[in-house]
Each structure stands twice: as C-alpha cells, then as structure tokens.
Amino acid sequence: MGNNVKAFIFDLDGVITDTAEYHFEAWQALGKELGIEFGREFNEQLKGVSREESLERILALGDGKADLSTEEKGRLCDQKNVHYKKLIQGITPDDILPGIIPLLEAIRKAGIPTAIGSASRNAPAIISLLELDSYFDYIVDAGKVKAGKPDPETFTVAADHFDVPYENCIGIEDAHAGIQALKAAGMFAVGVGSEEHLSEADFLVESTTDLKFDALVEAFGRKE
Ligand code: BG6
Ligand code: MG
C-alpha cells in the first residue's frame, strides 16, 4: 500500500501543533494596538500567509494605515514576532496534535520521505521544541522560497529536494492559502478543518485525529 505516494509534506502551524492559535493571538494584540479589531473569520485569511503579507491584510482593514513606511511595517512585524516567540517558548512534545505521531510512524514504516512545508521562519525552532526533528527529512520554511503560499513553491521545493514528481506527493494543510498552493503544485491536497474554508481540498478531515495513514493513501489512490 502507498506505492505511488512518494512524499508526505506537512504544513506546521495548525497541522502538527496548534501554533495557529498563537499567531492569531499575537496578530489580534497588534491589531488592537493599531485600533484594528478582527475575529476568527478574518483570521482564516491570515493562515498560511507570510508575516509581511499578514500585516498588509490587517492594515488594509484599518483606516489609512496601509501607507506606513517600510521601516514602520518592519517594526510592527518584529513586534508581532517577539510576542509570538514569547507565546511559543513553553511548547513541548505534549503540544503535538493528536494523531500526528501515529501518522508519522506509519509513514516512516512505509519508508516514505517526509517534509515540513511552512510559511514560518520559526518552523525549525518549533520542530525542535516538539522534538520531532527525527521524523522529518527536510524542512522548507519562508527562508527557502521566493514566493509564499498560495504560490506552490513551498511544496515544490520539498518535492524537488526528494526528486519526486509533484503528483506523487500528499500535502496536509489547515489553511485556504495552503490548499491553493498544493493544488497549484499538482499535489494531493488533504485539508484539516471545515468544508467552508477548505472546500478545494481533495480529501478533508475535521481534525488531526482523523489523519490515518491507510485512509490518506486510499483516498490518494482513488484520485489517481
Ligand atoms: C504560517 C502561519 O505557517 O506562517 C501564518 O500559518 C504565519 O499565520 C506565517 O503568518 C509566518 O510565520 P512567522 O513565524 O515567520 O511569522
Ligand atoms: Mg497552517
């Protein structure tokens, strides 16, 4: 089973661990300081996109803030990241979402390579805090790509590293921008979340508990 699956590529924030919540908290706090309030629905548009693009989208919600200087925007991004890093400093292996370790173990047993495909520059640090380094053969973070999600580059760089065809990769994502990136790469897109936000996914599960190796490979096989 799984003969045609040649790589698994995982998003990090919101798939491996619940850091998506910390990103939300840190952006919301920064927004408040700027007088720009937003909730979970708007936050869906921030998931998976780069730090700089997230700030642009938040500023666009506010009145006339979008014309801040590049330096000022850089300072706001740094401020959000300092807050975010404080929130993640206590992360331990207990914060790995349910179902992830059994899935990673099944993938290892099947001898299929694994990568992280994340928009976050904090990705390598978080993988280390979760003590998951040995489960991933390669990490693509924002530092390794020119164009972030929804551009496919985050995922194609990982597949190219393993020298495997894109159509033989399974990608797992919790963000709309991430599913778009996987589809643009020609990969099998597994969504974790709601139909409302991830309707373009090839296979959708409600939570990481439902990410079962056999079910993913079977769904991939049905699509072929
Ligand atoms: C993505 C998150 O993984 O990384 C986004 O879904 C975040 O919310 C982006 O903005 C960039 O992360 P960082 O840690 O480099 O600011
Ligand atoms: Mg995510």
# chains A, B, ... in the order shown; residues from 1 in each chain; ligands from 1

call {"tool": "residues_around", "arguments": {"residues": "His161 of chain A", "least_positions_apart": "3", "cutoff": "12 Å", "atoms": "only C-alpha atoms", "output": "VMD selection string"}}
result
chain A and resid 6 to 7 9 113 to 117 137 to 140 144 153 to 158 164 to 166

call {"tool": "write_last_selection", "arguments": {"atoms": "N, CA, C and O atoms", "output": "PDB file, in the first residue's frame"}}
result
ATOM      1  N   LYS A   6       5.044   9.151  -2.925  1.00  0.00           N
ATOM      2  CA  LYS A   6       6.498   9.216  -2.824  1.00  0.00           C
ATOM      3  C   LYS A   6       7.002  10.260  -1.830  1.00  0.00           C
ATOM      4  O   LYS A   6       8.189  10.317  -1.528  1.00  0.00           O
ATOM      5  N   ALA A   7       6.095  11.074  -1.310  1.00  0.00           N
ATOM      6  CA  ALA A   7       6.468  12.014  -0.237  1.00  0.00           C
ATOM      7  C   ALA A   7       5.212  12.535   0.459  1.00  0.00           C
ATOM      8  O   ALA A   7       4.150  12.657  -0.161  1.00  0.00           O
ATOM      9  N   ILE A   9       4.150  15.904   2.649  1.00  0.00           N
ATOM     10  CA  ILE A   9       4.618  17.238   3.012  1.00  0.00           C
ATOM     11  C   ILE A   9       3.582  17.881   3.943  1.00  0.00           C
ATOM     12  O   ILE A   9       2.415  18.025   3.583  1.00  0.00           O
ATOM     13  N   PRO A 113       9.510   9.428   2.351  1.00  0.00           N
ATOM     14  CA  PRO A 113      10.112  10.636   2.934  1.00  0.00           C
ATOM     15  C   PRO A 113       9.078  11.677   3.373  1.00  0.00           C
ATOM     16  O   PRO A 113       7.974  11.731   2.833  1.00  0.00           O
ATOM     17  N   THR A 114       9.465  12.482   4.362  1.00  0.00           N
ATOM     18  CA  THR A 114       8.561  13.485   4.930  1.00  0.00           C
ATOM     19  C   THR A 114       9.240  14.853   4.956  1.00  0.00           C
ATOM     20  O   THR A 114      10.440  14.946   5.231  1.00  0.00           O
ATOM     21  N   ALA A 115       8.452  15.879   4.716  1.00  0.00           N
ATOM     22  CA  ALA A 115       8.984  17.244   4.827  1.00  0.00           C
ATOM     23  C   ALA A 115       7.964  18.131   5.512  1.00  0.00           C
ATOM     24  O   ALA A 115       6.776  17.826   5.534  1.00  0.00           O
ATOM     25  N   ILE A 116       8.480  19.225   6.056  1.00  0.00           N
ATOM     26  CA  ILE A 116       7.629  20.322   6.516  1.00  0.00           C
ATOM     27  C   ILE A 116       7.636  21.363   5.403  1.00  0.00           C
ATOM     28  O   ILE A 116       8.698  21.677   4.851  1.00  0.00           O
ATOM     29  N   GLY A 117       6.462  21.887   5.074  1.00  0.00           N
ATOM     30  CA  GLY A 117       6.361  22.985   4.118  1.00  0.00           C
ATOM     31  C   GLY A 117       5.635  24.123   4.808  1.00  0.00           C
ATOM     32  O   GLY A 117       4.409  24.147   4.832  1.00  0.00           O
ATOM     33  N   ASP A 137      12.560  14.646   7.155  1.00  0.00           N
ATOM     34  CA  ASP A 137      13.797  14.559   6.389  1.00  0.00           C
ATOM     35  C   ASP A 137      14.227  15.916   5.860  1.00  0.00           C
ATOM     36  O   ASP A 137      15.393  16.109   5.503  1.00  0.00           O
ATOM     37  N   TYR A 138      13.289  16.847   5.790  1.00  0.00           N
ATOM     38  CA  TYR A 138      13.603  18.148   5.201  1.00  0.00           C
ATOM     39  C   TYR A 138      12.607  19.187   5.694  1.00  0.00           C
ATOM     40  O   TYR A 138      11.433  18.862   5.890  1.00  0.00           O
ATOM     41  N   ILE A 139      13.082  20.397   5.900  1.00  0.00           N
ATOM     42  CA  ILE A 139      12.174  21.484   6.304  1.00  0.00           C
ATOM     43  C   ILE A 139      12.270  22.618   5.294  1.00  0.00           C
ATOM     44  O   ILE A 139      13.365  23.154   5.046  1.00  0.00           O
ATOM     45  N   VAL A 140      11.140  22.962   4.689  1.00  0.00           N
ATOM     46  CA  VAL A 140      11.077  24.169   3.854  1.00  0.00           C
ATOM     47  C   VAL A 140      10.384  25.231   4.692  1.00  0.00           C
ATOM     48  O   VAL A 140       9.237  25.042   5.105  1.00  0.00           O
ATOM     49  N   LYS A 144      13.513  29.601   2.539  1.00  0.00           N
ATOM     50  CA  LYS A 144      13.953  28.787   1.385  1.00  0.00           C
ATOM     51  C   LYS A 144      13.173  29.088   0.103  1.00  0.00           C
ATOM     52  O   LYS A 144      13.441  28.490  -0.934  1.00  0.00           O
ATOM     53  N   GLU A 153       5.463  27.166  -4.539  1.00  0.00           N
ATOM     54  CA  GLU A 153       6.907  26.961  -4.331  1.00  0.00           C
ATOM     55  C   GLU A 153       7.275  26.242  -3.026  1.00  0.00           C
ATOM     56  O   GLU A 153       8.170  25.391  -3.014  1.00  0.00           O
ATOM     57  N   THR A 154       6.579  26.550  -1.925  1.00  0.00           N
ATOM     58  CA  THR A 154       6.908  25.912  -0.641  1.00  0.00           C
ATOM     59  C   THR A 154       6.867  24.393  -0.777  1.00  0.00           C
ATOM     60  O   THR A 154       7.709  23.680  -0.222  1.00  0.00           O
ATOM     61  N   PHE A 155       5.894  23.915  -1.530  1.00  0.00           N
ATOM     62  CA  PHE A 155       5.727  22.464  -1.667  1.00  0.00           C
ATOM     63  C   PHE A 155       6.600  21.883  -2.784  1.00  0.00           C
ATOM     64  O   PHE A 155       7.135  20.776  -2.647  1.00  0.00           O
ATOM     65  N   THR A 156       6.770  22.628  -3.879  1.00  0.00           N
ATOM     66  CA  THR A 156       7.581  22.079  -4.977  1.00  0.00           C
ATOM     67  C   THR A 156       9.059  21.995  -4.574  1.00  0.00           C
ATOM     68  O   THR A 156       9.755  21.068  -4.983  1.00  0.00           O
ATOM     69  N   VAL A 157       9.503  22.938  -3.735  1.00  0.00           N
ATOM     70  CA  VAL A 157      10.904  22.885  -3.258  1.00  0.00           C
ATOM     71  C   VAL A 157      11.134  21.593  -2.463  1.00  0.00           C
ATOM     72  O   VAL A 157      12.172  20.936  -2.601  1.00  0.00           O
ATOM     73  N   ALA A 158      10.134  21.209  -1.657  1.00  0.00           N
ATOM     74  CA  ALA A 158      10.266  19.970  -0.865  1.00  0.00           C
ATOM     75  C   ALA A 158      10.303  18.754  -1.794  1.00  0.00           C
ATOM     76  O   ALA A 158      11.161  17.869  -1.650  1.00  0.00           O
ATOM     77  N   VAL A 164      11.062  13.793  -6.458  1.00  0.00           N
ATOM     78  CA  VAL A 164       9.852  13.009  -6.739  1.00  0.00           C
ATOM     79  C   VAL A 164       8.847  13.881  -7.509  1.00  0.00           C
ATOM     80  O   VAL A 164       8.812  15.102  -7.326  1.00  0.00           O
ATOM     81  N   PRO A 165       8.035  13.256  -8.382  1.00  0.00           N
ATOM     82  CA  PRO A 165       7.028  14.033  -9.124  1.00  0.00           C
ATOM     83  C   PRO A 165       5.987  14.617  -8.180  1.00  0.00           C
ATOM     84  O   PRO A 165       5.607  13.975  -7.196  1.00  0.00           O
ATOM     85  N   TYR A 166       5.520  15.820  -8.519  1.00  0.00           N
ATOM     86  CA  TYR A 166       4.563  16.513  -7.649  1.00  0.00           C
ATOM     87  C   TYR A 166       3.280  15.705  -7.479  1.00  0.00           C
ATOM     88  O   TYR A 166       2.683  15.689  -6.404  1.00  0.00           O
TER      89      TYR A 166
END

call {"tool": "residues_near_ligand", "arguments": {"ligand": "ligand 2", "cutoff": "8 Å", "atoms": "only C-alpha atoms and all ligand atoms", "output": "mmCIF file with C-alpha atoms, in the first residue's frame"}}
result
data_model
loop_
_atom_site.group_PDB
_atom_site.id
_atom_site.type_symbol
_atom_site.label_atom_id
_atom_site.label_comp_id
_atom_site.auth_asym_id
_atom_site.auth_seq_id
_atom_site.Cartn_x
_atom_site.Cartn_y
_atom_site.Cartn_z
ATOM 1 C CA ASP A 11 2.192 22.271 6.946
ATOM 2 C CA LEU A 12 3.301 23.077 10.505
ATOM 3 C CA ASP A 13 1.105 25.727 12.158
ATOM 4 C CA GLY A 14 -2.331 24.239 12.790
ATOM 5 C CA VAL A 15 -1.430 20.761 11.491
ATOM 6 C CA ALA A 20 -2.119 28.827 14.537
ATOM 7 C CA LYS A 47 -3.486 31.386 7.960
ATOM 8 C CA GLY A 48 -0.630 30.118 5.824
ATOM 9 C CA SER A 118 5.803 26.059 6.248
ATOM 10 C CA GLU A 173 -2.822 21.801 5.276
ATOM 11 C CA ASP A 174 -5.194 23.719 7.561
ATOM 12 C CA ALA A 175 -5.190 26.962 5.540
ATOM 13 C CA GLY A 178 -2.076 26.220 1.714
#

call {"tool": "closest_residue", "arguments": {"among": "A:Leu46, A:Ile101, A:Ala215, A:Ala189", "to": "ligand 1", "atoms": "only C-alpha atoms and all ligand atoms"}}
result
A:Leu46

call {"tool": "closest_residue", "arguments": {"among": "A:Ala119, A:Leu211, A:Val217, A:Leu55", "to": "ligand 1", "atoms": "only C-alpha atoms and all ligand atoms"}}
result
A:Ala119

call {"tool": "residues_around", "arguments": {"residues": "His83 of chain A", "least_positions_apart": "4", "cutoff": "9 Å", "atoms": "only C-alpha atoms", "output": "NGL selection string"}}
result
:A and (26 or 29 or 78-79 or 87-88)

call {"tool": "select_by_dssp", "arguments": {"residues": "segment 29-151 of chain A", "states": "strand (DSSP E)", "output": "list in words"}}
result
Thr114, Ala115, Ile116, Gly117, Tyr138, Ile139 and Val140 of chain A

call {"tool": "closest_residue", "arguments": {"among": "A:Glu195, A:Asp94, A:Glu71, A:Asp141", "to": "ligand 1", "atoms": "only C-alpha atoms and all ligand atoms"}}
result
A:Asp141

call {"tool": "atom_distance", "arguments": {"atom1": "atom CA of Val5 of chain A", "atom2": "atom CA of Phe213 of chain A"}}
result
11.0 Å

call {"tool": "atom_distance", "arguments": {"atom1": "atom CA of Gln28 of chain A", "atom2": "atom 2 (C, counted along the ligand's line) of ligand 1"}}
result
13.8 Å

call {"tool": "residues_around", "arguments": {"residues": "Leu198 of chain A", "least_positions_apart": "4", "cutoff": "8 Å", "atoms": "only C-alpha atoms", "output": "PyMOL selection string"}}
result
chain A and resi 174-176+179+191-194+204

call {"tool": "closest_residue", "arguments": {"among": "A:Ala185, A:Val145, A:Leu129, A:Ala123", "to": "ligand 1", "atoms": "only C-alpha atoms and all ligand atoms"}}
result
A:Ala123

call {"tool": "closest_residue", "arguments": {"among": "A:Asn4, A:Gln45, A:Ser69, A:Ser50", "to": "Ala142 of chain A", "atoms": "only C-alpha atoms"}}
result
A:Ser50

call {"tool": "atom_distance", "arguments": {"atom1": "atom CA of Asp151 of chain A", "atom2": "atom CA of Ala181 of chain A"}}
result
5.1 Å

call {"tool": "closest_residue", "arguments": {"among": "A:Leu104, A:Cys169, A:Val82, A:Ile96", "to": "ligand 1", "atoms": "only C-alpha atoms and all ligand atoms"}}
result
A:Val82

call {"tool": "residues_around", "arguments": {"residues": "Glu224 of chain A", "least_positions_apart": "3", "cutoff": "10 Å", "atoms": "only C-alpha atoms", "output": "ChimeraX atom specification"}}
result
/A:4,167-168,188,219-221

call {"tool": "select_by_dssp", "arguments": {"residues": "segment 52-193 of chain A", "states": "alpha helix (DSSP H)", "output": "count of residues only"}}
result
66

call {"tool": "residues_around", "arguments": {"residues": "Phe42 of chain A", "least_positions_apart": "3", "cutoff": "12 Å", "atoms": "only C-alpha atoms", "output": "ChimeraX atom specification"}}
result
/A:24,27-28,36-39,45-47,54,57-58,60-61,197

call {"tool": "write_last_selection", "arguments": {"atoms": "N, CA, C and O atoms", "output": "PDB file, in the first residue's frame"}}
result
ATOM      1  N   PHE A  24      -2.715  33.886  15.796  1.00  0.00           N
ATOM      2  CA  PHE A  24      -3.962  34.659  15.892  1.00  0.00           C
ATOM      3  C   PHE A  24      -3.894  35.622  17.074  1.00  0.00           C
ATOM      4  O   PHE A  24      -4.156  36.823  16.945  1.00  0.00           O
ATOM      5  N   TRP A  27      -1.348  38.480  16.417  1.00  0.00           N
ATOM      6  CA  TRP A  27      -1.827  39.458  15.425  1.00  0.00           C
ATOM      7  C   TRP A  27      -2.979  40.273  15.981  1.00  0.00           C
ATOM      8  O   TRP A  27      -3.081  41.469  15.748  1.00  0.00           O
ATOM      9  N   GLN A  28      -3.850  39.610  16.742  1.00  0.00           N
ATOM     10  CA  GLN A  28      -5.003  40.309  17.299  1.00  0.00           C
ATOM     11  C   GLN A  28      -4.526  41.408  18.270  1.00  0.00           C
ATOM     12  O   GLN A  28      -5.050  42.521  18.259  1.00  0.00           O
ATOM     13  N   ILE A  36      -7.252  48.308  15.136  1.00  0.00           N
ATOM     14  CA  ILE A  36      -7.875  47.472  14.093  1.00  0.00           C
ATOM     15  C   ILE A  36      -8.307  46.152  14.731  1.00  0.00           C
ATOM     16  O   ILE A  36      -7.472  45.347  15.131  1.00  0.00           O
ATOM     17  N   GLU A  37      -9.601  45.967  14.845  1.00  0.00           N
ATOM     18  CA  GLU A  37     -10.107  44.750  15.514  1.00  0.00           C
ATOM     19  C   GLU A  37     -10.560  43.731  14.477  1.00  0.00           C
ATOM     20  O   GLU A  37     -11.150  44.100  13.463  1.00  0.00           O
ATOM     21  N   PHE A  38     -10.279  42.466  14.748  1.00  0.00           N
ATOM     22  CA  PHE A  38     -10.782  41.404  13.864  1.00  0.00           C
ATOM     23  C   PHE A  38     -10.937  40.114  14.648  1.00  0.00           C
ATOM     24  O   PHE A  38     -10.360  39.945  15.720  1.00  0.00           O
ATOM     25  N   GLY A  39     -11.745  39.216  14.100  1.00  0.00           N
ATOM     26  CA  GLY A  39     -12.021  37.950  14.777  1.00  0.00           C
ATOM     27  C   GLY A  39     -11.562  36.755  13.969  1.00  0.00           C
ATOM     28  O   GLY A  39     -10.779  36.889  13.018  1.00  0.00           O
ATOM     29  N   GLN A  45      -8.037  34.254   6.731  1.00  0.00           N
ATOM     30  CA  GLN A  45      -7.286  34.816   5.597  1.00  0.00           C
ATOM     31  C   GLN A  45      -5.812  35.029   5.914  1.00  0.00           C
ATOM     32  O   GLN A  45      -5.009  35.329   5.031  1.00  0.00           O
ATOM     33  N   LEU A  46      -5.466  34.947   7.206  1.00  0.00           N
ATOM     34  CA  LEU A  46      -4.059  35.130   7.602  1.00  0.00           C
ATOM     35  C   LEU A  46      -3.331  33.791   7.670  1.00  0.00           C
ATOM     36  O   LEU A  46      -2.107  33.735   7.589  1.00  0.00           O
ATOM     37  N   LYS A  47      -4.101  32.712   7.811  1.00  0.00           N
ATOM     38  CA  LYS A  47      -3.486  31.386   7.960  1.00  0.00           C
ATOM     39  C   LYS A  47      -2.680  31.031   6.710  1.00  0.00           C
ATOM     40  O   LYS A  47      -3.179  31.148   5.593  1.00  0.00           O
ATOM     41  N   SER A  54       0.557  39.069   6.021  1.00  0.00           N
ATOM     42  CA  SER A  54      -0.465  39.111   7.076  1.00  0.00           C
ATOM     43  C   SER A  54      -0.641  40.545   7.562  1.00  0.00           C
ATOM     44  O   SER A  54      -1.770  41.019   7.726  1.00  0.00           O
ATOM     45  N   ARG A  57      -2.581  42.633   5.145  1.00  0.00           N
ATOM     46  CA  ARG A  57      -4.024  42.353   5.161  1.00  0.00           C
ATOM     47  C   ARG A  57      -4.698  42.992   6.376  1.00  0.00           C
ATOM     48  O   ARG A  57      -5.824  43.455   6.299  1.00  0.00           O
ATOM     49  N   ILE A  58      -3.988  43.008   7.503  1.00  0.00           N
ATOM     50  CA  ILE A  58      -4.548  43.637   8.713  1.00  0.00           C
ATOM     51  C   ILE A  58      -4.630  45.156   8.519  1.00  0.00           C
ATOM     52  O   ILE A  58      -5.651  45.778   8.810  1.00  0.00           O
ATOM     53  N   ALA A  60      -4.894  46.757   5.816  1.00  0.00           N
ATOM     54  CA  ALA A  60      -5.922  47.076   4.816  1.00  0.00           C
ATOM     55  C   ALA A  60      -7.323  47.163   5.447  1.00  0.00           C
ATOM     56  O   ALA A  60      -8.210  47.795   4.896  1.00  0.00           O
ATOM     57  N   LEU A  61      -7.453  46.516   6.607  1.00  0.00           N
ATOM     58  CA  LEU A  61      -8.734  46.589   7.334  1.00  0.00           C
ATOM     59  C   LEU A  61      -8.916  47.940   8.007  1.00  0.00           C
ATOM     60  O   LEU A  61     -10.027  48.377   8.279  1.00  0.00           O
ATOM     61  N   HIS A 197     -14.041  26.527   4.719  1.00  0.00           N
ATOM     62  CA  HIS A 197     -12.788  27.209   4.385  1.00  0.00           C
ATOM     63  C   HIS A 197     -11.887  26.413   3.457  1.00  0.00           C
ATOM     64  O   HIS A 197     -11.007  26.977   2.805  1.00  0.00           O
TER      65      HIS A 197
END
